[in-house]
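Trainee: Please find coords38.txt (compact mmCIF, C-alpha atoms) on the next line:
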```
# COMPACT_ATOMS: atom_id res chain seq x y z
CA MET A 21 19.07 28.60 -14.02
CA ILE A 22 20.30 28.18 -10.46
CA GLY A 23 21.05 24.78 -8.97
CA ILE A 24 19.87 23.41 -5.65
CA VAL A 25 21.78 21.27 -3.17
CA LEU A 26 19.85 19.29 -0.55
CA VAL A 27 21.66 18.52 2.69
CA SER A 28 19.87 16.04 4.91
CA HIS A 29 20.65 13.49 7.62
CA SER A 30 18.49 11.03 5.68
CA PRO A 31 18.73 10.10 1.99
CA ALA A 32 15.13 8.91 2.12
CA LEU A 33 13.97 12.26 3.46
CA ALA A 34 15.91 14.19 0.81
CA HIS A 35 14.60 12.10 -2.07
CA ALA A 36 11.04 12.20 -0.81
CA ALA A 37 11.13 15.97 -0.31
CA LEU A 38 12.49 16.38 -3.82
CA ASP A 39 9.79 14.13 -5.30
CA LEU A 40 7.14 16.18 -3.54
CA ALA A 41 8.61 19.46 -4.72
CA ARG A 42 8.95 18.21 -8.29
CA GLU A 43 5.19 17.75 -8.52
CA MET A 44 4.92 21.53 -8.62
CA VAL A 45 7.34 22.01 -11.52
CA PRO A 46 5.71 21.42 -14.89
CA GLY A 47 8.57 22.07 -17.29
CA ASP A 48 12.34 22.22 -17.22
CA GLU A 49 13.66 21.43 -13.80
CA PRO A 50 16.68 22.99 -12.16
CA ARG A 51 19.62 20.71 -11.48
CA VAL A 52 19.55 19.26 -7.98
CA ALA A 53 22.32 17.45 -6.11
CA ILE A 54 21.74 15.58 -2.88
CA ALA A 55 24.25 15.20 -0.03
CA ALA A 56 22.53 13.05 2.56
CA GLY A 57 23.58 10.41 5.06
CA THR A 58 27.11 9.48 6.01
CA ALA A 59 29.81 7.88 3.87
CA ALA A 60 29.02 4.63 5.67
CA GLY A 61 25.37 4.83 4.63
CA GLY A 62 23.93 5.84 7.99
CA VAL A 63 21.94 8.80 9.23
CA GLY A 64 24.00 11.98 9.44
CA THR A 65 25.71 14.57 7.27
CA ASP A 66 29.13 14.82 5.63
CA ALA A 67 30.66 18.19 4.78
CA LEU A 68 32.88 16.68 2.10
CA ALA A 69 29.84 15.22 0.37
CA VAL A 70 28.15 18.62 0.53
CA ALA A 71 31.23 20.19 -1.03
CA GLY A 72 31.07 17.60 -3.78
CA ALA A 73 27.43 18.40 -4.47
CA ILE A 74 28.09 22.14 -4.67
CA THR A 75 31.08 21.53 -6.94
CA GLU A 76 28.88 19.35 -9.18
CA LEU A 77 26.47 22.26 -9.71
CA ALA A 78 29.14 24.93 -10.00
CA SER A 79 28.30 25.71 -13.61
CA ALA A 80 24.78 26.80 -12.68
CA ASP A 81 23.84 30.44 -12.13
CA GLY A 82 24.48 30.04 -8.45
CA VAL A 83 23.73 27.30 -5.93
CA LEU A 84 21.05 27.43 -3.24
CA VAL A 85 21.67 25.04 -0.34
CA MET A 86 18.73 23.69 1.64
CA MET A 87 19.42 21.94 4.96
CA ASP A 88 17.28 19.91 7.30
CA LEU A 89 18.43 20.52 10.88
CA GLY A 90 21.28 20.58 13.35
CA SER A 91 24.56 19.36 11.96
CA ALA A 92 23.33 19.74 8.37
CA VAL A 93 23.96 23.44 8.87
CA LEU A 94 27.46 22.92 10.31
CA SER A 95 28.32 20.51 7.51
CA ALA A 96 27.10 22.94 4.84
CA GLU A 97 29.07 25.81 6.34
CA MET A 98 32.18 23.65 6.53
CA ALA A 99 31.68 22.44 2.97
CA LEU A 100 32.32 25.95 1.67
CA ASP A 101 35.97 25.53 2.68
CA PHE A 102 36.24 22.47 0.46
CA VAL A 103 34.42 23.41 -2.72
CA GLU A 104 36.74 22.83 -5.63
CA ALA A 105 35.36 25.40 -8.02
CA ALA A 106 36.40 29.00 -8.04
CA GLY A 107 33.86 31.78 -8.12
CA VAL A 108 30.61 29.84 -7.62
CA ASP A 109 27.91 31.89 -5.88
CA VAL A 110 26.35 30.04 -2.97
CA ILE A 111 23.57 30.88 -0.52
CA LEU A 112 22.89 28.66 2.51
CA SER A 113 19.16 29.11 2.95
CA PRO A 114 17.58 29.27 6.43
CA ALA A 115 14.28 28.21 4.86
CA PRO A 116 12.34 25.18 6.17
CA PHE A 117 13.43 22.04 4.38
CA VAL A 118 10.24 20.82 2.72
CA GLU A 119 8.33 24.04 2.15
CA GLY A 120 11.47 25.99 1.25
CA LEU A 121 12.62 23.40 -1.27
CA THR A 122 9.24 23.45 -2.99
CA ALA A 123 9.27 27.23 -3.25
CA ALA A 124 12.89 27.30 -4.38
CA LEU A 125 12.42 24.62 -7.04
CA VAL A 126 9.42 26.40 -8.52
CA CYS A 127 11.19 29.77 -8.52
CA ALA A 128 14.37 28.34 -9.94
CA ALA A 129 12.44 26.64 -12.74
CA GLY A 130 10.97 30.03 -13.54
CA GLY A 131 14.44 31.50 -13.95
CA ALA A 132 14.71 33.24 -10.60
CA SER A 133 18.05 34.48 -9.38
CA LEU A 134 19.75 32.97 -6.36
CA ALA A 135 18.65 35.84 -4.12
CA GLU A 136 15.06 35.76 -5.38
CA ALA A 137 14.76 32.00 -4.89
CA ASN A 138 16.15 32.30 -1.37
CA ARG A 139 13.69 35.08 -0.54
CA GLU A 140 10.77 32.96 -1.68
CA ALA A 141 12.08 29.89 0.13
CA ARG A 142 12.37 31.85 3.37
CA ARG A 143 8.75 32.95 3.09
CA ALA A 144 7.51 29.46 2.34
CA LEU A 145 6.02 28.85 5.76
CA THR A 146 3.78 31.89 5.38
CA ALA A 147 1.00 30.06 3.53
CA LYS A 148 0.67 27.49 6.31
CA GLU A 149 0.93 30.14 9.02
CA LEU A 150 -1.67 32.42 7.46
CA HIS A 151 -4.05 29.58 6.91
CA LEU A 152 -3.80 28.17 10.40
CA ASP A 153 -3.34 31.43 12.27
CA SER A 154 -6.65 32.62 10.88
CA GLY A 155 -8.31 29.57 12.41
CA PRO A 156 -8.89 28.54 16.00
CA TRP A 157 -5.49 26.90 16.57
CA HIS A 158 -3.90 29.03 19.26
CA GLU A 159 -5.32 26.65 21.83
CA PRO A 160 -6.21 22.96 21.74
CA LYS A 161 -9.53 22.27 20.11
CA LYS A 162 -11.66 19.39 21.31
CA VAL A 163 -12.46 17.09 18.44
CA MET A 164 -15.96 15.54 18.61
CA PRO A 165 -16.83 12.13 17.14
CA PRO A 166 -18.62 13.27 14.00
CA ASP A 167 -21.50 10.86 13.58
CA ILE A 168 -22.74 10.75 17.15
CA PRO A 169 -24.62 13.83 18.25
CA PRO A 170 -24.42 14.25 22.02
CA ALA A 171 -27.66 12.94 23.50
CA GLY A 172 -30.24 15.52 24.35
CA MET A 173 -28.48 18.53 22.99
CA SER A 174 -27.04 19.82 19.80
CA ALA A 175 -23.44 20.90 19.89
CA SER A 176 -23.78 23.95 17.77
CA PRO A 177 -22.43 25.68 15.98
CA ALA A 178 -20.47 22.69 14.73
CA GLU A 179 -17.60 23.12 12.32
CA ALA A 180 -15.99 20.54 10.07
CA ARG A 181 -13.63 20.59 7.13
CA PHE A 182 -13.76 18.32 4.13
CA VAL A 183 -11.20 17.95 1.39
CA LEU A 184 -12.70 17.57 -2.07
CA THR A 185 -11.12 14.29 -2.97
CA ASN A 186 -13.06 13.83 -6.19
CA GLU A 187 -11.67 14.89 -9.52
CA GLN A 188 -14.06 17.70 -10.39
CA GLY A 189 -14.45 19.27 -6.98
CA LEU A 190 -17.69 20.96 -5.95
CA HIS A 191 -19.43 20.79 -9.32
CA ALA A 192 -23.13 20.35 -9.93
CA ARG A 193 -23.62 16.73 -8.92
CA PRO A 194 -21.92 16.85 -5.50
CA ALA A 195 -23.53 20.22 -4.82
CA ALA A 196 -26.92 18.67 -5.58
CA LEU A 197 -26.19 15.76 -3.24
CA LEU A 198 -25.33 18.16 -0.43
CA VAL A 199 -28.45 20.24 -0.96
CA ALA A 200 -30.63 17.12 -0.97
CA ALA A 201 -28.99 15.74 2.17
CA LEU A 202 -29.44 18.98 4.08
CA SER A 203 -32.93 19.81 2.92
CA GLY A 204 -34.83 17.86 5.58
CA LEU A 205 -32.63 18.92 8.49
CA ASP A 206 -33.30 21.61 11.03
CA ALA A 207 -29.91 23.26 10.65
CA ASP A 208 -28.48 26.43 9.23
CA VAL A 209 -25.43 25.39 7.23
CA ARG A 210 -22.83 27.80 5.86
CA VAL A 211 -20.08 26.59 3.56
CA ARG A 212 -16.91 28.39 2.50
CA SER A 213 -13.68 27.64 0.73
CA ALA A 214 -10.25 29.06 1.52
CA THR A 215 -10.92 32.00 -0.73
CA ARG A 216 -14.72 32.37 -1.12
CA GLY A 217 -17.91 32.24 0.83
CA PRO A 218 -19.53 31.54 3.13
CA VAL A 219 -22.61 30.53 1.20
CA ASP A 220 -25.84 28.84 2.23
CA GLY A 221 -25.30 25.06 2.16
CA GLY A 222 -28.87 24.62 1.01
CA SER A 223 -28.32 26.65 -2.15
CA LEU A 224 -27.17 24.77 -5.24
CA ILE A 225 -26.00 27.91 -6.98
CA GLY A 226 -24.36 29.17 -3.80
CA LEU A 227 -22.31 25.99 -3.43
CA MET A 228 -21.29 25.98 -7.08
CA SER A 229 -20.30 29.63 -6.89
CA LEU A 230 -17.50 28.69 -4.49
CA GLY A 231 -15.74 27.18 -7.50
CA ALA A 232 -14.02 24.80 -5.10
CA ARG A 233 -11.76 22.43 -6.99
CA SER A 234 -10.30 19.03 -6.36
CA GLY A 235 -7.88 19.07 -3.46
CA GLU A 236 -9.39 22.21 -1.96
CA GLU A 237 -11.10 22.26 1.37
CA MET A 238 -14.76 23.04 2.17
CA ILE A 239 -15.23 24.56 5.60
CA VAL A 240 -18.72 23.84 6.93
CA VAL A 241 -20.32 25.55 9.91
CA ALA A 242 -23.67 24.14 11.00
CA ASP A 243 -25.97 25.71 13.56
CA GLY A 244 -29.31 24.69 14.93
CA PRO A 245 -30.92 21.64 16.58
CA GLN A 246 -29.71 19.20 13.91
CA SER A 247 -26.30 20.70 13.28
CA MET A 248 -24.55 17.41 14.11
CA GLU A 249 -26.79 15.47 11.74
CA ALA A 250 -26.00 18.00 9.05
CA ILE A 251 -22.27 17.51 9.51
CA ALA A 252 -22.74 13.74 9.53
CA ALA A 253 -24.74 13.89 6.31
CA ILE A 254 -22.03 15.90 4.56
CA ARG A 255 -19.38 13.51 5.88
CA ALA A 256 -21.31 10.56 4.45
CA ILE A 257 -21.24 12.19 1.02
CA ALA A 258 -17.53 12.99 1.37
CA ASN A 259 -16.83 9.38 2.28
CA ARG A 260 -18.48 8.29 -0.97
CA ASN A 261 -16.09 10.52 -2.90
CA TYR A 262 -18.87 13.05 -3.38
CA GLY A 263 -20.86 10.69 -5.57
CA ASP A 264 -18.26 10.66 -8.35
CA MET B 28 51.56 13.16 17.37
CA THR B 29 50.30 10.04 15.63
CA ASN B 30 50.39 8.37 19.03
CA TRP B 31 48.15 11.09 20.39
CA ILE B 32 45.55 10.31 17.74
CA THR B 33 45.77 6.56 18.23
CA ARG B 34 45.46 6.95 22.00
CA PHE B 35 42.44 9.22 21.53
CA ALA B 36 40.88 6.56 19.30
CA GLU B 37 41.49 3.92 21.99
CA LEU B 38 39.92 6.05 24.71
CA VAL B 39 36.90 6.83 22.53
CA ALA B 40 36.37 3.14 21.79
CA GLU B 41 36.71 2.25 25.50
CA ASN B 42 34.25 4.96 26.48
CA ARG B 43 31.83 4.54 23.62
CA GLY B 44 29.04 3.20 25.82
CA TYR B 45 29.54 5.92 28.41
CA LEU B 46 29.46 8.67 25.79
CA THR B 47 26.29 7.22 24.34
CA GLU B 48 24.72 7.02 27.79
CA LEU B 49 25.47 10.71 28.39
CA ASP B 50 24.05 11.56 24.98
CA SER B 51 20.92 9.52 25.70
CA ALA B 52 20.21 11.66 28.71
CA ILE B 53 20.50 14.96 26.88
CA GLY B 54 20.81 14.32 23.18
CA ASP B 55 19.99 11.91 20.41
CA ALA B 56 22.04 9.07 21.88
CA ASP B 57 24.61 8.85 19.12
CA HIS B 58 27.72 10.64 20.37
CA GLY B 59 29.45 7.43 21.45
CA ALA B 60 28.62 5.62 18.23
CA ASN B 61 29.48 8.63 16.07
CA MET B 62 32.83 9.30 17.71
CA ALA B 63 33.74 5.61 17.80
CA ARG B 64 32.90 5.22 14.13
CA GLY B 65 34.82 8.37 13.23
CA MET B 66 37.91 7.47 15.25
CA ALA B 67 37.80 3.88 13.95
CA ALA B 68 37.90 5.32 10.43
CA VAL B 69 40.83 7.48 11.52
CA SER B 70 42.69 4.46 12.92
CA ALA B 71 42.04 2.51 9.74
CA MET B 72 43.26 5.43 7.67
CA LEU B 73 46.45 5.73 9.71
CA GLU B 74 47.25 2.07 9.20
CA THR B 75 47.43 2.47 5.45
CA HIS B 76 48.52 6.06 5.15
CA ARG B 77 51.60 7.08 7.12
CA PRO B 78 51.68 10.88 6.95
CA ASP B 79 55.15 12.41 6.87
CA SER B 80 54.36 15.68 8.48
CA ALA B 81 52.11 17.19 11.11
CA ASP B 82 49.95 19.08 8.66
CA GLU B 83 49.41 15.93 6.57
CA LEU B 84 48.52 13.96 9.66
CA PHE B 85 46.02 16.40 11.09
CA LYS B 86 44.49 17.23 7.72
CA SER B 87 43.83 13.53 7.11
CA VAL B 88 42.42 13.09 10.60
CA GLY B 89 40.18 16.14 10.17
CA ARG B 90 38.83 15.08 6.81
CA THR B 91 38.21 11.51 7.97
CA LEU B 92 36.25 12.76 10.97
CA VAL B 93 34.19 15.11 8.83
CA SER B 94 33.05 12.22 6.65
CA GLY B 95 32.92 9.55 9.28
CA VAL B 96 31.23 11.05 12.29
CA GLY B 97 27.88 12.08 10.85
CA GLY B 98 26.72 14.38 13.63
CA ALA B 99 27.82 17.83 14.70
CA SER B 100 31.03 16.41 16.18
CA GLY B 101 32.22 15.71 12.62
CA PRO B 102 32.48 19.34 11.55
CA LEU B 103 33.57 20.39 15.04
CA TYR B 104 36.39 17.91 15.65
CA GLY B 105 37.13 18.01 11.93
CA THR B 106 37.69 21.75 12.05
CA PHE B 107 39.75 21.38 15.22
CA PHE B 108 42.21 18.98 13.63
CA LEU B 109 42.32 20.77 10.29
CA ARG B 110 43.23 24.02 12.03
CA VAL B 111 45.80 22.28 14.23
CA GLY B 112 47.38 20.90 11.07
CA ALA B 113 47.30 24.22 9.23
CA GLU B 114 48.99 25.99 12.14
CA ALA B 115 51.52 23.21 12.69
CA GLY B 116 52.65 23.26 9.09
CA PRO B 117 54.82 20.76 7.17
CA VAL B 118 57.03 19.79 10.10
CA GLU B 119 57.79 16.35 11.48
CA GLN B 120 57.86 17.33 15.11
CA LEU B 121 56.16 20.09 17.03
CA ASP B 122 58.08 21.97 19.67
CA THR B 123 56.21 23.15 22.72
CA ARG B 124 55.42 26.63 21.46
CA LEU B 125 54.24 25.40 18.09
CA LEU B 126 52.07 22.78 19.74
CA ALA B 127 50.49 25.46 21.92
CA ALA B 128 49.84 27.65 18.90
CA ALA B 129 48.42 24.74 16.92
CA LEU B 130 46.06 23.67 19.71
CA ARG B 131 44.95 27.28 20.17
CA ALA B 132 44.21 27.52 16.45
CA GLY B 133 42.18 24.33 16.76
CA VAL B 134 40.06 25.70 19.58
CA ASP B 135 39.57 28.99 17.73
CA GLY B 136 38.34 26.86 14.84
CA ILE B 137 35.79 25.16 17.07
CA ILE B 138 34.53 28.55 18.24
CA ALA B 139 34.27 29.84 14.66
CA ARG B 140 32.50 26.72 13.43
CA GLY B 141 30.05 26.09 16.24
CA ARG B 142 29.63 29.64 17.49
CA ALA B 143 29.28 28.43 21.04
CA GLU B 144 30.30 30.47 24.04
CA ILE B 145 31.77 29.29 27.29
CA GLY B 146 28.89 28.17 29.47
CA ASP B 147 26.70 26.89 26.61
CA LYS B 148 27.39 23.33 27.81
CA THR B 149 29.49 22.08 24.91
CA MET B 150 32.92 20.64 24.15
CA LEU B 151 34.21 24.19 24.43
CA ASP B 152 33.64 24.10 28.17
CA ALA B 153 36.38 21.49 28.38
CA MET B 154 38.59 22.71 25.52
CA ALA B 155 38.83 26.37 26.44
CA PRO B 156 40.02 25.90 30.04
CA ALA B 157 42.39 23.19 28.80
CA LEU B 158 44.00 25.56 26.34
CA ASP B 159 44.23 28.33 28.88
CA ALA B 160 46.00 25.94 31.24
CA PHE B 161 48.32 24.75 28.47
CA ASP B 162 49.23 28.31 27.46
CA ALA B 163 49.77 29.37 31.06
CA ALA B 164 52.06 26.41 31.71
CA VAL B 165 54.10 26.94 28.55
CA GLY B 166 54.36 30.63 29.33
CA GLY B 167 55.72 29.68 32.73
CA GLY B 168 58.42 27.51 31.16
CA SER B 169 56.79 24.07 31.43
CA SER B 170 57.55 21.29 28.99
CA ALA B 171 54.90 20.09 26.58
CA ALA B 172 54.32 17.01 28.72
CA GLU B 173 53.80 19.04 31.91
CA ALA B 174 51.54 21.50 30.12
CA ALA B 175 49.48 18.65 28.66
CA VAL B 176 48.96 17.08 32.07
CA LEU B 177 47.74 20.42 33.44
CA ALA B 178 45.55 20.91 30.39
CA ARG B 179 43.99 17.49 30.91
CA ALA B 180 43.16 18.32 34.49
CA ALA B 181 41.57 21.59 33.43
CA ALA B 182 39.58 19.82 30.71
CA GLU B 183 38.23 17.34 33.24
CA LEU B 184 37.27 20.11 35.63
CA GLY B 185 35.59 21.92 32.76
CA ARG B 186 33.75 18.77 31.79
CA ASP B 187 32.56 18.25 35.36
CA ALA B 188 31.35 21.83 35.53
CA THR B 189 29.03 21.20 32.57
CA ARG B 190 26.81 19.11 34.83
CA GLU B 191 25.02 22.13 36.27
CA LEU B 192 24.83 24.11 33.04
CA VAL B 193 21.72 24.58 30.92
CA ALA B 194 22.46 23.53 27.34
CA ARG B 195 22.26 26.37 24.84
CA LYS B 196 23.60 24.58 21.76
CA GLY B 197 22.91 21.37 19.91
CA ARG B 198 20.15 18.84 20.48
CA ALA B 199 20.50 19.21 24.24
CA SER B 200 19.35 22.80 23.94
CA TYR B 201 15.89 21.49 23.08
CA LEU B 202 15.74 20.13 26.61
CA GLY B 203 16.48 23.40 28.35
CA GLU B 204 16.36 23.04 32.13
CA ARG B 205 16.05 19.27 31.79
CA SER B 206 19.65 19.18 30.56
CA VAL B 207 20.84 20.20 34.02
CA GLY B 208 22.31 17.41 36.13
CA HIS B 209 23.99 15.63 33.24
CA LEU B 210 27.53 15.96 31.91
CA ASP B 211 27.84 17.20 28.37
CA PRO B 212 28.90 14.38 26.01
CA GLY B 213 31.02 16.69 23.83
CA ALA B 214 32.90 18.03 26.83
CA THR B 215 33.45 14.44 27.91
CA SER B 216 34.94 13.33 24.62
CA ALA B 217 37.03 16.53 24.52
CA ALA B 218 38.41 15.68 27.95
CA LEU B 219 39.37 12.27 26.55
CA ALA B 220 41.28 14.01 23.76
CA LEU B 221 43.25 16.00 26.30
CA ARG B 222 43.81 12.89 28.39
CA ALA B 223 45.19 11.14 25.31
CA LEU B 224 47.56 14.06 24.70
CA ALA B 225 48.74 14.08 28.31
CA GLU B 226 49.29 10.31 28.39
CA THR B 227 51.12 10.30 25.07
CA LEU B 228 53.46 13.19 25.90
CA SER B 229 54.18 12.18 29.47
CA GLY B 230 54.40 8.47 28.83
CA VAL B 231 52.15 7.82 31.80
CA THR B 232 48.70 6.30 31.26
CA GLY B 233 45.75 6.43 33.65
```
Represent the structure contained in this file as structure tokens.
Mentor:
Amino acid sequence: MIGIVLVSHSPALAHAALDLAREMVPGDEPRVAIAAGTAAGGVGTDALAVAGAITELASADGVLVMMDLGSAVLSAEMALDFVEAAGVDVILSPAPFVEGLTAALVCAAGGASLAEANREARRALTAKELHLDSGPWHEPKKVMPPDIPPAGMSASPAEARFVLTNEQGLHARPAALLVAALSGLDADVRVRSATRGPVDGGSLIGLMSLGARSGEEMIVVADGPQSMEAIAAIRAIANRNYGD
Amino acid sequence: MTNWITRFAELVAENRGYLTELDSAIGDADHGANMARGMAAVSAMLETHRPDSADELFKSVGRTLVSGVGGASGPLYGTFFLRVGAEAGPVEQLDTRLLAAALRAGVDGIIARGRAEIGDKTMLDAMAPALDAFDAAVGGGSSAAEAAVLARAAAELGRDATRELVARKGRASYLGERSVGHLDPGATSAALALRALAETLSGVTG
């Protein structure tokens, strides 16, 4: 299994990023060494500490080095001159620090080679880019206060996103609550998840067919005279943890 | 040579606030603090560890800066001194030609490490003209002291010329056009290093 070295200006940042990434690794974890902060305990990087971290992991099947920004890169490059272990394979990864580490840790745990883990780490921003690039985010979007429909007109179609914070996601009971809340409103509501839909928000079976799980997002688009009330009604249910 | 380092440390400490002020305008405001901390660690190291030879001296200085400075100046000045030491070799004194070669190796190290070019608004914009002046003087038969004085002048001119440059490296590069009108902090500390060399070799301070 390959090892991973984290180079960061901040020990807190490095440890937190590692904790976050570890959540994704169910079984055996790769060995990780952290070189963060200065010898004096301040913010900054130290090439000798990086060399020490790489040397510590030299018995692994290669070492992937993740860096935050700026001088972390210079320090990591310089560290290679000081590594006291002959023949260790090292890649300095240009991947983003948080997303890249998560991808690399998961791949490494699955037995990936150094080159494979680096490839995945480098692509780690893609999920975020694809998700957001397919939305309306090339320009600023005006955010409306959700529970106050503008007087005298309906701002439609209105779109809102809700994360399913409850444990079972969009199962029968929350779906039933949504259908009931929307039934009296003069609005056409379409709901989709990241991967399925859109479905009619007034259809119990339609909502359940999204199979949206805890932590996933529901994207709601409401049209019609009471589109704002529809969004507000869904928000009220979301705020009550979907009735769970 | 130890005197050069100690004088550099003194100048950095004296100018710590100024370096920080420059770095506040076009950076993350830590160049003064970083360099002062690094050079203080160097001074402390030199008090307890009297190196016998030039390579020992510069290697210790380089390694101390790498660990003590924290920012990009750590690897950059660290590489400079490590390369100076490697080129100088296990000698007690450096003659003029060896000093020129060692300083040139140091600057080549900075270029290899930081991958800056002249005009990027970095320490190189002071170091490169300084070395060219040093080499030209030595080639023309000057003593080390004379060459160092000329190199210092060139470094200070180079530093002053960074005012109108647009930063293309380091944190300042995030500012783009807004970096114009300010001296580069790295070029400023580099000019102090050359001033320390000139003062030490010529015996004249100021």
Trainee: Between CA of Leu84 (chain B) and CA of Ile145 (chain B), what is the distance, to one decimal in Å?
Mentor: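 We find that CA of Leu84 (chain B) and CA of Ile145 (chain B) lie 28.7 Å from each other.
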Trainee: What residues in chain A lie within 12 Å of chain B, counting all atoms listed in the file, written as a PyMOL selection string?
Mentor: chain A and resi 28-30+55-72+89-102
Trainee: Applying 6 Å and all atoms listed in the file, which residues near region 132-135 of chain B remain after dropping the ones on its own chain fewer than 3 positions away? List them as a PyMOL selection string.
Mentor: chain B and resi 107+110-111+129+138
Trainee: Which value, in Å to one decimal, gives the distance between CA of Val83 (chain A) and CA of Asp109 (chain A)?
Mentor: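 CA of Val83 (chain A) sits 6.2 Å away from CA of Asp109 (chain A).
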Trainee: Interatomic distance between CA of Ala115 (chain A) and CA of Ala141 (chain A)?
Mentor: 5.5 Å
